[in-house]
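Enquirer: A single structure is presented below for examination.
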Amino acid sequence: MHDNIIPMLGVVTEIRTDTPDIKTFRVEAIGGGKCFEHKPGQCAMLSIPGVGEAMFSITSSPTVKDYQEFSIKKCGCLTEWLHQMDVGQQITIRGPYGKPFPVDDALLGKDLLFIAGGVGLAPLHSVINYVLDNRKNYGKVDIVYGSRSKEDLLDLPEIQSSWMDPKNDMNVHLTIDRAQDNWDGHVAFVPTYVKELGFDPDKNVLVCGPPIMIKFVLQALTELGFEKTQIYTTMELRMKCGVGKCGRCNIGDKYVCKDGPVFRFDELGELPSEY
């Protein structure tokens with residue numbers, strides 16, 4: 001049986017530059033294939049020995065059999081190192097960690113609304129592609145995604161070629177914070193756009209983004225009549241050790257690594273202080 005505490009060696013087989021500060025790394029086990037199986041919303045610990053380790057969302061869908069991908073924003077010592085890596089380099093990987101999004105039970109057959117801001121699309125990417133690969137198991141799908149600028153929209157080529165393809169029957173609503181010359185789409189902050197779109201509160205919502213965005217998206221959804229029991233988020237950025245030992249990730253009486261990172265909002269008695 002796979003032990004998620006023991007690191008495995010992985011090799012970086014592809015690196016894509018998605019935005020000025022986000023790269024997506026494709027990782028395979030030595031000898032090919034995935035290092036382990038995972039579910040949408042779960043995370044893995046990536047490590048460069050001698051530099052450090054950190055928890056990242058697995059952004060590829062579990063339906064992808066040959067590799068796992070991680071979209072990583074450059075924002076510290078380890079991510080700086082990762083961004084300097086070349087194809088063919090080895091890293092250690094352990095996982096999967098955390099509670100996934102309930103795609104095979106609570107969300108099955110439901111209408112879904114995905115709301116993401118910036119690199120917050122990364123944790124939802126796995127879920128969206130899982131839903132796409134099992135499209136008949138879900139109802140209507142809406143995706144609202146916004147970033148600072150067109151250049152900061154993660155996975156834009158895939159969004160345009162796959163998620164916006166009419167045959168996939170998903171409604172994609174893109175927005176950027178400020179108008180710019182090469183953008184003829186919508187301009188507004190994500191929470192404002194959610195209110196403008198005026199969704200009926202008959203869907204389950206999966207939301208991820210910067211804390212301030214989540215706070216205002218929650219307010220917008222509440223104004224539209226959504227209940228906390230309909231809204232899920234992921235808080236993997238708070239995870240440190242992944243196994244409930246260090247206590248760095250607690251929110252009230254919850255440990256993100258043991259009880260999350262995916263939470264329904266009514267499960268959180270309080271939001272972390274940065275909200």
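Identifiers for the structure tokens are assigned positionally: chains receive A, B, ... in sequence, residues are indexed from 1 per chain, and ligands are indexed from 1 in the order shown.
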Quick one: residues within 12 Å of A:Leu78, only C-alpha atoms counted, chain neighbours fewer than 2 positions away excluded, as a PDB file with C-alpha atoms, in the first residue's frame?
Expert:
```
ATOM      1  CA  MET A  45       4.488  17.895  -0.824  1.00  0.00           C
ATOM      2  CA  LEU A  46       7.236  18.824  -3.285  1.00  0.00           C
ATOM      3  CA  SER A  47      10.782  19.032  -2.038  1.00  0.00           C
ATOM      4  CA  ILE A  48      14.215  19.986  -3.274  1.00  0.00           C
ATOM      5  CA  PRO A  49      16.594  18.350  -0.762  1.00  0.00           C
ATOM      6  CA  GLY A  50      18.734  20.951   0.943  1.00  0.00           C
ATOM      7  CA  VAL A  51      16.398  23.782  -0.090  1.00  0.00           C
ATOM      8  CA  GLY A  52      13.053  22.976   1.481  1.00  0.00           C
ATOM      9  CA  GLU A  53       9.615  21.541   0.879  1.00  0.00           C
ATOM     10  CA  ALA A  54       6.126  22.942   0.493  1.00  0.00           C
ATOM     11  CA  MET A  55       2.569  21.813  -0.148  1.00  0.00           C
ATOM     12  CA  PHE A  56       1.018  22.425  -3.565  1.00  0.00           C
ATOM     13  CA  ILE A  72       3.341  27.167  -8.928  1.00  0.00           C
ATOM     14  CA  LYS A  73       3.600  30.890  -8.292  1.00  0.00           C
ATOM     15  CA  LYS A  74       7.064  32.294  -7.603  1.00  0.00           C
ATOM     16  CA  CYS A  75       6.752  33.764  -4.106  1.00  0.00           C
ATOM     17  CA  GLY A  76       9.565  32.497  -1.882  1.00  0.00           C
ATOM     18  CA  GLU A  80      12.293  30.496  -6.691  1.00  0.00           C
ATOM     19  CA  TRP A  81      14.360  27.294  -6.920  1.00  0.00           C
ATOM     20  CA  LEU A  82      11.537  25.405  -8.621  1.00  0.00           C
ATOM     21  CA  HIS A  83      11.203  28.169 -11.207  1.00  0.00           C
ATOM     22  CA  GLN A  84      14.906  27.748 -12.035  1.00  0.00           C
ATOM     23  CA  MET A  85      14.569  24.011 -12.680  1.00  0.00           C
ATOM     24  CA  ILE A  91      12.530  16.284  -7.106  1.00  0.00           C
TER      25      ILE A  91
END
```
Enquirer: Got a sec: who's within 10 Å of A:Thr175, counting only C-alpha atoms, leaving out chain neighbours fewer than 4 positions off, as a PDB file with N, CA and C atoms, in the first residue's frame?
Expert:
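And here's part.pdb as it stands now:
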```pdb
ATOM      1  N   GLY A 117      -9.848  33.306  -8.533  1.00  0.00           N
ATOM      2  CA  GLY A 117      -9.096  34.536  -8.744  1.00  0.00           C
ATOM      3  C   GLY A 117      -7.617  34.231  -8.810  1.00  0.00           C
ATOM      4  N   VAL A 144     -16.419  31.294 -13.299  1.00  0.00           N
ATOM      5  CA  VAL A 144     -16.077  32.716 -13.262  1.00  0.00           C
ATOM      6  C   VAL A 144     -14.610  32.796 -12.854  1.00  0.00           C
ATOM      7  N   TYR A 145     -13.786  33.385 -13.702  1.00  0.00           N
ATOM      8  CA  TYR A 145     -12.355  33.457 -13.403  1.00  0.00           C
ATOM      9  C   TYR A 145     -11.826  34.846 -13.735  1.00  0.00           C
ATOM     10  N   GLY A 146     -11.107  35.422 -12.797  1.00  0.00           N
ATOM     11  CA  GLY A 146     -10.543  36.746 -13.015  1.00  0.00           C
ATOM     12  C   GLY A 146      -9.117  36.850 -12.513  1.00  0.00           C
ATOM     13  N   SER A 147      -8.382  37.788 -13.092  1.00  0.00           N
ATOM     14  CA  SER A 147      -7.005  38.041 -12.666  1.00  0.00           C
ATOM     15  C   SER A 147      -6.702  39.516 -12.855  1.00  0.00           C
ATOM     16  N   ARG A 148      -5.484  39.900 -12.457  1.00  0.00           N
ATOM     17  CA  ARG A 148      -5.123  41.319 -12.545  1.00  0.00           C
ATOM     18  C   ARG A 148      -5.146  41.812 -13.985  1.00  0.00           C
ATOM     19  N   SER A 149      -4.622  40.978 -14.902  1.00  0.00           N
ATOM     20  CA  SER A 149      -4.519  41.384 -16.308  1.00  0.00           C
ATOM     21  C   SER A 149      -4.693  40.148 -17.177  1.00  0.00           C
ATOM     22  N   LYS A 150      -4.792  40.356 -18.469  1.00  0.00           N
ATOM     23  CA  LYS A 150      -4.906  39.224 -19.390  1.00  0.00           C
ATOM     24  C   LYS A 150      -3.699  38.297 -19.241  1.00  0.00           C
ATOM     25  N   LEU A 153      -3.891  35.659 -16.465  1.00  0.00           N
ATOM     26  CA  LEU A 153      -4.904  34.597 -16.497  1.00  0.00           C
ATOM     27  C   LEU A 153      -4.205  33.257 -16.722  1.00  0.00           C
ATOM     28  N   ALA A 179      -8.980  47.702 -17.300  1.00  0.00           N
ATOM     29  CA  ALA A 179      -9.021  47.662 -18.774  1.00  0.00           C
ATOM     30  C   ALA A 179      -7.605  47.722 -19.345  1.00  0.00           C
ATOM     31  N   TRP A 183      -7.501  43.589 -24.596  1.00  0.00           N
ATOM     32  CA  TRP A 183      -8.569  42.840 -23.925  1.00  0.00           C
ATOM     33  C   TRP A 183      -9.923  43.456 -24.266  1.00  0.00           C
ATOM     34  N   ASP A 184     -10.785  42.670 -24.900  1.00  0.00           N
ATOM     35  CA  ASP A 184     -12.119  43.193 -25.196  1.00  0.00           C
ATOM     36  C   ASP A 184     -13.184  42.475 -24.370  1.00  0.00           C
ATOM     37  N   GLY A 185     -12.717  41.714 -23.369  1.00  0.00           N
ATOM     38  CA  GLY A 185     -13.643  41.006 -22.484  1.00  0.00           C
ATOM     39  C   GLY A 185     -14.101  41.892 -21.330  1.00  0.00           C
ATOM     40  N   HIS A 186     -14.626  41.234 -20.293  1.00  0.00           N
ATOM     41  CA  HIS A 186     -15.198  41.952 -19.157  1.00  0.00           C
ATOM     42  C   HIS A 186     -14.100  42.547 -18.270  1.00  0.00           C
ATOM     43  N   VAL A 187     -14.395  43.692 -17.643  1.00  0.00           N
ATOM     44  CA  VAL A 187     -13.456  44.318 -16.705  1.00  0.00           C
ATOM     45  C   VAL A 187     -14.184  44.568 -15.388  1.00  0.00           C
ATOM     46  N   ALA A 188     -13.752  43.866 -14.336  1.00  0.00           N
ATOM     47  CA  ALA A 188     -14.316  44.054 -12.986  1.00  0.00           C
ATOM     48  C   ALA A 188     -13.602  43.090 -12.053  1.00  0.00           C
ATOM     49  N   PHE A 189     -13.630  43.401 -10.760  1.00  0.00           N
ATOM     50  CA  PHE A 189     -13.134  42.445  -9.784  1.00  0.00           C
ATOM     51  C   PHE A 189     -14.099  41.269  -9.723  1.00  0.00           C
ATOM     52  N   VAL A 190     -13.585  40.102  -9.375  1.00  0.00           N
ATOM     53  CA  VAL A 190     -14.390  38.881  -9.403  1.00  0.00           C
ATOM     54  C   VAL A 190     -15.685  38.983  -8.576  1.00  0.00           C
ATOM     55  N   TYR A 193     -18.253  40.971 -10.414  1.00  0.00           N
ATOM     56  CA  TYR A 193     -18.728  40.257 -11.600  1.00  0.00           C
ATOM     57  C   TYR A 193     -19.737  39.162 -11.212  1.00  0.00           C
TER      58      TYR A 193
END
```
Enquirer: Would you give me, as an MDAnalysis selection string, the residues in stretch 9-198 of chain A that DSSP reads as strand (DSSP E or B)?
Expert: chainID A and resid 9:19 22:29 43:48 52:57 68:73 90:97 99 112:117 141:147 170:176 186:187
Enquirer: Could you tell me how far atom CA of A:Ser57 lies from atom CA of A:Arg135, in Å and to one decimal?
Expert: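 Between atom CA of A:Ser57 and atom CA of A:Arg135 the gap works out to 22.3 Å.
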Enquirer: Enumerate as number ranges by chain all residues of stretch 33-275 of chain A assigned to alpha helix (DSSP H) by DSSP on the backbone, naming them with the chain letters and numbers the document uses.
Expert: A: 77-83, 121-133, 156-158, 190-197, 211-223, 256-259
Enquirer: Taking C-alpha atoms for each residue, export the selection above as an mmCIF file, in the first residue's frame.
Expert:
```
data_model
loop_
_atom_site.group_PDB
_atom_site.id
_atom_site.type_symbol
_atom_site.label_atom_id
_atom_site.label_comp_id
_atom_site.auth_asym_id
_atom_site.auth_seq_id
_atom_site.Cartn_x
_atom_site.Cartn_y
_atom_site.Cartn_z
ATOM 1 C CA CYS A 77 12.828 30.576 -1.572
ATOM 2 C CA LEU A 78 11.580 27.116 -2.633
ATOM 3 C CA THR A 79 9.366 28.382 -5.453
ATOM 4 C CA GLU A 80 12.293 30.496 -6.691
ATOM 5 C CA TRP A 81 14.360 27.294 -6.920
ATOM 6 C CA LEU A 82 11.537 25.405 -8.621
ATOM 7 C CA HIS A 83 11.203 28.169 -11.207
ATOM 8 C CA LEU A 121 -7.582 28.604 -10.426
ATOM 9 C CA ALA A 122 -4.832 26.027 -9.797
ATOM 10 C CA PRO A 123 -6.664 23.993 -7.094
ATOM 11 C CA LEU A 124 -9.932 24.160 -9.067
ATOM 12 C CA HIS A 125 -8.266 23.169 -12.346
ATOM 13 C CA SER A 126 -8.168 19.507 -11.321
ATOM 14 C CA VAL A 127 -11.856 19.561 -10.353
ATOM 15 C CA ILE A 128 -12.999 21.327 -13.542
ATOM 16 C CA ASN A 129 -11.167 18.834 -15.763
ATOM 17 C CA TYR A 130 -12.492 15.914 -13.701
ATOM 18 C CA VAL A 131 -16.038 17.237 -14.194
ATOM 19 C CA LEU A 132 -15.306 17.722 -17.906
ATOM 20 C CA ASP A 133 -14.076 14.125 -18.249
ATOM 21 C CA LEU A 156 -5.789 30.856 -20.882
ATOM 22 C CA PRO A 157 -5.029 28.738 -24.006
ATOM 23 C CA GLU A 158 -6.649 25.674 -22.399
ATOM 24 C CA VAL A 190 -14.390 38.881 -9.403
ATOM 25 C CA PRO A 191 -16.896 39.516 -6.527
ATOM 26 C CA THR A 192 -18.445 42.415 -8.482
ATOM 27 C CA TYR A 193 -18.728 40.257 -11.600
ATOM 28 C CA VAL A 194 -20.392 37.446 -9.603
ATOM 29 C CA LYS A 195 -23.072 39.900 -8.405
ATOM 30 C CA GLU A 196 -23.448 41.290 -11.933
ATOM 31 C CA LEU A 197 -23.962 37.804 -13.384
ATOM 32 C CA PRO A 211 -8.328 35.703 1.061
ATOM 33 C CA ILE A 212 -9.732 39.184 0.354
ATOM 34 C CA MET A 213 -11.415 37.908 -2.823
ATOM 35 C CA ILE A 214 -12.967 34.941 -1.008
ATOM 36 C CA LYS A 215 -14.307 37.270 1.676
ATOM 37 C CA PHE A 216 -16.091 39.501 -0.852
ATOM 38 C CA VAL A 217 -17.231 36.559 -3.016
ATOM 39 C CA LEU A 218 -18.884 35.094 0.092
ATOM 40 C CA GLN A 219 -20.658 38.402 0.675
ATOM 41 C CA ALA A 220 -21.775 38.529 -2.977
ATOM 42 C CA LEU A 221 -23.082 34.951 -2.870
ATOM 43 C CA THR A 222 -24.924 35.623 0.397
ATOM 44 C CA GLU A 223 -26.601 38.655 -1.210
ATOM 45 C CA VAL A 256 -6.477 22.096 7.542
ATOM 46 C CA CYS A 257 -4.314 19.059 6.706
ATOM 47 C CA LYS A 258 -6.531 16.606 8.603
ATOM 48 C CA ASP A 259 -10.008 18.157 8.252
#
```
Enquirer: Might you pull out every residue within 7 Å of A:Phe25, with only C-alpha atoms counted and same-chain residues fewer than 4 positions away left off, and present them as a list of chain:residue names?
Expert: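 Near A:Phe25, the qualifying residues are A:Val12, A:Glu14, A:Ile15, A:Arg16, A:Glu69, A:Phe70, A:Ser71.
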Enquirer: Pull N, CA, C and O atoms from the residues just selected and write them as an mmCIF file, in the first residue's frame.
Expert:
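File produced: selection-v2.cif:
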```cif
data_model
loop_
_atom_site.group_PDB
_atom_site.id
_atom_site.type_symbol
_atom_site.label_atom_id
_atom_site.label_comp_id
_atom_site.auth_asym_id
_atom_site.auth_seq_id
_atom_site.Cartn_x
_atom_site.Cartn_y
_atom_site.Cartn_z
ATOM 1 N N VAL A 12 10.905 15.936 -13.503
ATOM 2 C CA VAL A 12 10.159 16.986 -14.193
ATOM 3 C C VAL A 12 10.288 16.745 -15.699
ATOM 4 O O VAL A 12 11.392 16.789 -16.247
ATOM 5 N N GLU A 14 8.122 18.257 -18.133
ATOM 6 C CA GLU A 14 7.706 19.407 -18.954
ATOM 7 C C GLU A 14 7.522 20.610 -18.040
ATOM 8 O O GLU A 14 7.071 20.466 -16.904
ATOM 9 N N ILE A 15 7.888 21.790 -18.533
ATOM 10 C CA ILE A 15 7.682 23.038 -17.785
ATOM 11 C C ILE A 15 7.032 24.052 -18.728
ATOM 12 O O ILE A 15 7.546 24.306 -19.822
ATOM 13 N N ARG A 16 5.886 24.590 -18.312
ATOM 14 C CA ARG A 16 5.214 25.617 -19.112
ATOM 15 C C ARG A 16 5.227 26.932 -18.340
ATOM 16 O O ARG A 16 4.959 26.953 -17.140
ATOM 17 N N GLU A 69 0.464 17.360 -12.548
ATOM 18 C CA GLU A 69 0.961 18.711 -12.801
ATOM 19 C C GLU A 69 0.716 19.611 -11.592
ATOM 20 O O GLU A 69 -0.233 19.403 -10.825
ATOM 21 N N PHE A 70 1.584 20.616 -11.477
ATOM 22 C CA PHE A 70 1.512 21.584 -10.381
ATOM 23 C C PHE A 70 1.740 22.973 -10.972
ATOM 24 O O PHE A 70 2.760 23.204 -11.622
ATOM 25 N N SER A 71 0.787 23.883 -10.765
ATOM 26 C CA SER A 71 0.975 25.270 -11.207
ATOM 27 C C SER A 71 1.460 26.074 -10.007
ATOM 28 O O SER A 71 0.752 26.196 -9.003
#
```
Enquirer: When you draw a straight line from atom CA of A:Ser60 to atom CA of A:Arg264, how long is it in Å?
Expert: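 Rounded to one decimal, the two atoms are 22.2 Å apart.
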Enquirer: Extract, using only C-alpha atoms, all DNA, RNA and protein residues at most 9 Å from A:Thr229, discarding same-chain residues fewer than 5 positions from it, and format them as JSON, numbers by chain.
Expert: {"A": [204, 264, 265, 266, 267]}
Enquirer: At what distance in Å, to one decimal, does atom CA of A:Pro7 lie from atom CA of A:Arg26?
Expert: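 We find that atom CA of A:Arg26 and atom CA of A:Pro7 lie 17.0 Å from each other.
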Enquirer: For A:Val205, which residue among A:Gly120, A:Ile115, A:Ser162, A:Pro96 is the nearest when counting only C-alpha atoms?
Expert: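 Looking only at the distances to A:Val205, the closest residue turns out to be A:Ile115.
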Enquirer: When distances are computed from only C-alpha atoms, which of A:Gly98, A:Gly41, A:Asp111, A:Asp142 shows the smallest separation from A:Thr233?
Expert: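 Looking only at the distances to A:Thr233, the closest residue turns out to be A:Gly41.
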Enquirer: Have a look at A:Asp152, A:Ala106, A:Met8, A:Ser161 and name the one nearest to A:Lys203; count only C-alpha atoms.
Expert: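 Ranked by minimum distance to A:Lys203, first place goes to A:Ala106.
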Enquirer: Using only C-alpha atoms, pick whichever of A:Ile231, A:Val119, A:Ile176, A:Ile6 has the shortest atom-to-atom distance to A:Thr19.
Expert: A:Val119
Enquirer: For A:His173, which of A:Lys136, A:Phe114, A:Lys228, A:Thr17 is the closest residue, counting only C-alpha atoms?
Expert: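 So, comparing all the options, the nearest one is A:Phe114.
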Enquirer: Using only C-alpha atoms, pick whichever of A:Gln180, A:Ser61, A:Asn168, A:Thr24 has the shortest atom-to-atom distance to A:Val87.
Expert: A:Thr24
